Amino acid sequence: MLSPTLDLIVASRRRRARRHSLVVVILLVLVVAIFALTLSLGQSFTPAGDVIRVLFGENVPGASFTVGQLRLPRAVLSVLAGLSFGLGGVAFQIMLRNPLASPDIIGISWGASAAAVFAIVVLSMKGPVVSIFAVVAGLAVALLVYGLSSKNGVAGTRLILVGIGVSAMLESFIAYILSQAPAWNLQEAIRWLTGSVNGAQLSQAVPLLLALAVFGGLLLSRARDLEALRLGEDTAAALGVRVSATRVIIIVAAVGMIASATAVTGPVAFVAFLSGPIAARLVGNSGSLLIPSALVGATLVLAGDYIGQFLLSSRYPVGVVTGALGAPYLIFLIVRVNRTGGSL
């Protein structure tokens, strides 16, 4: 017979597990619902039966073009990019025990953006080559920031400050490149910088899906080590975690996802930053934040794109909508962390 104290511990763990599972299921249903809405309702309404027929490869007059070539690629890229931003962002925030340690804040997204703008404007590149430039630059900036902040271990606050400084330099570089850009490249560069799924094609989903499978799988395989790092480096080491090696693996995996998503959609503002804190409020202390944060990211990008396209007076890219949502929260979080300290 279990002791009363042990009974309480077991019951508490079961409640937390049920809450975590419930949140994941609700978020998954929400993503599916918004995905279905995106396919069915835009400037015109497409019946669910026609949508399903298109998804199974049938040729449905009108719907095959509207759903199959316009709405479906846009929705698929929104989901994959949102999953990547959410998962990569929360990995940094958990590892560094600071909600401000987002790729948006510490320069990774700006590194990918600067490389893409340079490739578009200066080298007149397009398509997959731009994406490769962005991914490589995102990884390089991450390693640079990590290296500059790794004196006697990596402190979260030091890494954030170094990242903000690197971001400022990259923003200046982007501004200079844009000021010299010819008109025919300027529009493409600005569209890319805004963060958008306009003109999405299903072929773009393949490399992003592969990156999500490889890097996301690597992150999920390190979920326990990542959770241990939430308790601090010394505690994690005492629990048998190889802290330095785990940090490197998490950084490479998270940056790989963020840079790959940025290479396809541009830097969709604040999704990587918002997903973790929102998931943390929903889940509480009931388990890993990785999957809930990924689903929150997918919800934000899907909903943000739909709002920007159909629910406002003018059409706006998804990055404008998420930026409008994220900027006030960033201010709130900075004030909160300054007053009380903060972690997810």
# chains A, B, ... in the order shown; residues from 1 in each chain; ligands from 1
>>> residues_around(residues="segment 260-274 of chain A", least_positions_apart="2", cutoff="8 Å", atoms="only C-alpha atoms", output="PDB file with C-alpha atoms, in the first residue's frame")
ATOM      1  CA  LEU A  77       4.146  26.414 -45.430  1.00  0.00           C
ATOM      2  CA  LEU A  80       5.704  23.944 -41.179  1.00  0.00           C
ATOM      3  CA  ALA A  81       7.252  27.364 -40.590  1.00  0.00           C
ATOM      4  CA  GLY A  82       5.197  27.859 -37.429  1.00  0.00           C
ATOM      5  CA  SER A  84       9.893  25.277 -36.785  1.00  0.00           C
ATOM      6  CA  PHE A  85       9.795  28.769 -35.276  1.00  0.00           C
ATOM      7  CA  GLY A  86       7.934  27.574 -32.173  1.00  0.00           C
ATOM      8  CA  LEU A  87      10.147  24.563 -31.529  1.00  0.00           C
ATOM      9  CA  GLY A  88      13.436  26.341 -32.221  1.00  0.00           C
ATOM     10  CA  GLY A  89      12.489  29.411 -30.212  1.00  0.00           C
ATOM     11  CA  VAL A  90      11.433  27.590 -27.061  1.00  0.00           C
ATOM     12  CA  PRO A  99      12.144  34.120 -22.180  1.00  0.00           C
ATOM     13  CA  LEU A 100      14.083  36.909 -23.933  1.00  0.00           C
ATOM     14  CA  ALA A 101      16.559  34.387 -25.401  1.00  0.00           C
ATOM     15  CA  SER A 102      14.654  34.084 -28.651  1.00  0.00           C
ATOM     16  CA  PRO A 103      16.228  33.856 -32.132  1.00  0.00           C
ATOM     17  CA  ASP A 104      14.361  37.085 -32.920  1.00  0.00           C
ATOM     18  CA  ILE A 105      16.233  38.863 -30.132  1.00  0.00           C
ATOM     19  CA  SER A 109      16.919  35.606 -37.667  1.00  0.00           C
ATOM     20  CA  TRP A 110      18.782  38.807 -38.576  1.00  0.00           C
ATOM     21  CA  ALA A 112      19.630  34.760 -42.076  1.00  0.00           C
ATOM     22  CA  SER A 113      17.900  37.948 -43.246  1.00  0.00           C
ATOM     23  CA  ALA A 116      19.287  36.665 -47.995  1.00  0.00           C
ATOM     24  CA  VAL A 130      19.005  32.389 -51.334  1.00  0.00           C
ATOM     25  CA  SER A 131      17.673  29.830 -48.862  1.00  0.00           C
ATOM     26  CA  ILE A 132      21.071  28.143 -48.618  1.00  0.00           C
ATOM     27  CA  ALA A 134      20.192  32.220 -45.200  1.00  0.00           C
ATOM     28  CA  VAL A 135      20.617  28.859 -43.454  1.00  0.00           C
ATOM     29  CA  TRP A 192      11.360  38.732 -47.977  1.00  0.00           C
ATOM     30  CA  LEU A 193      12.286  40.817 -44.915  1.00  0.00           C
ATOM     31  CA  THR A 194       8.657  41.356 -43.946  1.00  0.00           C
ATOM     32  CA  GLY A 195       7.966  37.668 -43.404  1.00  0.00           C
ATOM     33  CA  SER A 196       5.398  36.332 -45.828  1.00  0.00           C
ATOM     34  CA  VAL A 197       3.934  33.197 -47.377  1.00  0.00           C
ATOM     35  CA  GLN A 204       9.237  24.845 -50.906  1.00  0.00           C
ATOM     36  CA  PRO A 207      13.320  21.103 -47.633  1.00  0.00           C
ATOM     37  CA  LEU A 208      11.476  22.666 -44.701  1.00  0.00           C
ATOM     38  CA  ALA A 211      14.780  20.196 -41.765  1.00  0.00           C
ATOM     39  CA  GLY A 256      18.816  24.716 -38.202  1.00  0.00           C
ATOM     40  CA  MET A 257      15.038  24.883 -37.845  1.00  0.00           C
ATOM     41  CA  ILE A 258      14.861  28.654 -37.418  1.00  0.00           C
ATOM     42  CA  GLY A 276       7.252  29.410 -25.665  1.00  0.00           C
ATOM     43  CA  PRO A 277       5.721  31.869 -23.164  1.00  0.00           C
ATOM     44  CA  ILE A 278       2.199  31.199 -24.471  1.00  0.00           C
ATOM     45  CA  GLY A 297       3.834  28.548 -33.440  1.00  0.00           C
ATOM     46  CA  LEU A 300       0.185  31.892 -34.765  1.00  0.00           C
ATOM     47  CA  VAL A 301       1.452  31.727 -38.354  1.00  0.00           C
ATOM     48  CA  VAL A 318       1.812  37.500 -41.855  1.00  0.00           C
ATOM     49  CA  GLY A 319       4.962  39.128 -40.417  1.00  0.00           C
ATOM     50  CA  VAL A 320       3.139  42.443 -40.043  1.00  0.00           C
ATOM     51  CA  THR A 322       2.631  38.796 -35.749  1.00  0.00           C
ATOM     52  CA  GLY A 323       4.865  41.849 -35.301  1.00  0.00           C
ATOM     53  CA  GLY A 326       4.563  40.530 -30.464  1.00  0.00           C
ATOM     54  CA  ALA A 327       5.935  44.033 -29.928  1.00  0.00           C
TER      55      ALA A 327
END
>>> residues_around(residues="Ser40 of chain A", least_positions_apart="2", cutoff="10 Å", atoms="only C-alpha atoms", output="compact mmCIF listing (two decimals) with N, CA and C atoms, in the first residue's frame")
# COMPACT_ATOMS: atom_id res chain seq x y z
N ILE A 34 -8.04 25.72 -38.10
CA ILE A 34 -7.63 26.91 -38.86
C ILE A 34 -7.13 26.51 -40.24
N PHE A 35 -6.44 25.38 -40.32
CA PHE A 35 -5.97 24.87 -41.61
C PHE A 35 -7.16 24.61 -42.53
N ALA A 36 -8.20 23.97 -42.00
CA ALA A 36 -9.39 23.69 -42.80
C ALA A 36 -10.09 24.98 -43.21
N LEU A 37 -10.17 25.94 -42.29
CA LEU A 37 -10.78 27.24 -42.60
C LEU A 37 -10.01 27.93 -43.72
N THR A 38 -8.69 27.87 -43.64
CA THR A 38 -7.85 28.50 -44.66
C THR A 38 -8.10 27.91 -46.05
N GLY A 42 -11.94 32.00 -48.23
CA GLY A 42 -11.07 33.13 -48.52
C GLY A 42 -11.90 34.22 -49.13
N GLN A 43 -11.53 34.69 -50.29
CA GLN A 43 -12.39 35.63 -51.01
C GLN A 43 -13.63 34.93 -51.54
N SER A 44 -13.57 33.62 -51.66
CA SER A 44 -14.73 32.82 -52.04
C SER A 44 -14.79 31.60 -51.14
N PHE A 45 -15.95 30.96 -51.10
CA PHE A 45 -16.14 29.78 -50.26
C PHE A 45 -16.07 28.52 -51.11
N THR A 46 -15.28 27.55 -50.64
CA THR A 46 -15.18 26.25 -51.31
C THR A 46 -15.75 25.19 -50.37
N PRO A 47 -16.77 24.45 -50.80
CA PRO A 47 -17.36 23.42 -49.93
C PRO A 47 -16.33 22.39 -49.47
N ALA A 48 -16.55 21.84 -48.29
CA ALA A 48 -15.61 20.88 -47.72
C ALA A 48 -15.43 19.66 -48.62
N GLY A 49 -16.52 19.24 -49.27
CA GLY A 49 -16.41 18.09 -50.17
C GLY A 49 -15.46 18.35 -51.33
N ASP A 50 -15.52 19.56 -51.90
CA ASP A 50 -14.61 19.90 -52.99
C ASP A 50 -13.16 19.98 -52.50
N VAL A 51 -12.98 20.52 -51.30
CA VAL A 51 -11.63 20.60 -50.73
C VAL A 51 -11.04 19.20 -50.58
N ILE A 52 -11.82 18.28 -50.04
CA ILE A 52 -11.35 16.91 -49.83
C ILE A 52 -11.02 16.24 -51.16
N ALA A 63 -11.98 24.80 -58.02
CA ALA A 63 -11.39 24.47 -56.72
C ALA A 63 -9.97 23.95 -56.84
N THR A 66 -7.92 27.20 -56.98
CA THR A 66 -8.03 28.02 -55.77
C THR A 66 -7.46 27.31 -54.55
N VAL A 67 -7.85 26.05 -54.39
CA VAL A 67 -7.40 25.29 -53.22
C VAL A 67 -6.02 24.68 -53.45
N ARG A 71 -4.31 28.16 -51.99
CA ARG A 71 -4.50 28.06 -50.54
C ARG A 71 -3.68 26.95 -49.88
N LEU A 72 -3.62 25.79 -50.51
CA LEU A 72 -2.93 24.66 -49.88
C LEU A 72 -1.44 24.92 -49.67
>>> select_by_dssp(residues="segment 289-328 of chain A", states="helix (DSSP H, G or I)", output="number ranges by chain")
A: 290-311, 318-328
>>> closest_residue(among="A:Val141, A:Ala189, A:Met95, A:Leu289", to="Lys126 of chain A", atoms="only C-alpha atoms")
A:Ala189
>>> atom_distance(atom1="atom CA of Val32 of chain A", atom2="atom CA of Leu295 of chain A")
10.3 Å
>>> residues_around(residues="Ser244 of chain A", least_positions_apart="5", cutoff="12 Å", atoms="only C-alpha atoms", output="list in words")
Met95, Tyr146, Ser150, Asn152, Gly153, Val154, Asp225, Leu226, Leu229, Glu233, Asp234, Ala236, Ala237, Ile249, Ile250 and Ile251 of chain A
>>> atom_distance(atom1="atom CA of Gly284 of chain A", atom2="atom CA of Val79 of chain A")
24.0 Å
>>> residues_around(residues="Gln187 of chain A", least_positions_apart="4", cutoff="12 Å", atoms="only C-alpha atoms", output="ChimeraX atom specification")
/A:117,120-121,178,181-183,191-194
>>> write_last_selection(atoms="C-alpha atoms", output="tab-separated table (two decimals), in the first residue's frame")
chain	number	residue	atom	x	y	z
A	117	VAL	CA	19.19	40.39	-48.70
A	120	ILE	CA	19.11	39.04	-53.62
A	121	VAL	CA	20.42	42.60	-53.99
A	178	LEU	CA	18.72	48.28	-49.21
A	181	ALA	CA	19.56	48.34	-54.08
A	182	PRO	CA	18.23	48.78	-57.63
A	183	ALA	CA	14.46	49.06	-57.88
A	191	ARG	CA	8.95	41.36	-49.27
A	192	TRP	CA	11.36	38.73	-47.98
A	193	LEU	CA	12.29	40.82	-44.91
A	194	THR	CA	8.66	41.36	-43.95
>>> residues_around(residues="segment 158-166 of chain A", least_positions_apart="6", cutoff="6 Å", atoms="only C-alpha atoms", output="PyMOL selection string")
chain A and resi 101+106-107+145+149
>>> atom_distance(atom1="atom CA of Ala245 of chain A", atom2="atom CA of Ala137 of chain A")
21.8 Å
>>> closest_residue(among="A:Leu311, A:Ala175, A:Leu333, A:Leu218", to="Ala114 of chain A", atoms="only C-alpha atoms")
A:Ala175
>>> closest_residue(among="A:Ala33, A:Ala115, A:Ala213, A:Leu202", to="Phe173 of chain A", atoms="only C-alpha atoms")
A:Ala115
>>> residues_around(residues="Arg13 of chain A", least_positions_apart="6", cutoff="10 Å", atoms="only C-alpha atoms", output="MDAnalysis selection string")
chainID A and resid 7 19 285:287
>>> write_last_selection(atoms="C-alpha atoms", output="compact mmCIF listing (two decimals), in the first residue's frame")
# COMPACT_ATOMS: atom_id res chain seq x y z
CA ASP A 7 -0.29 8.88 -3.23
CA ARG A 19 -3.23 18.69 -18.40
CA ASN A 285 4.43 22.81 -14.77
CA SER A 286 2.89 19.78 -16.43
CA GLY A 287 5.59 18.65 -18.81
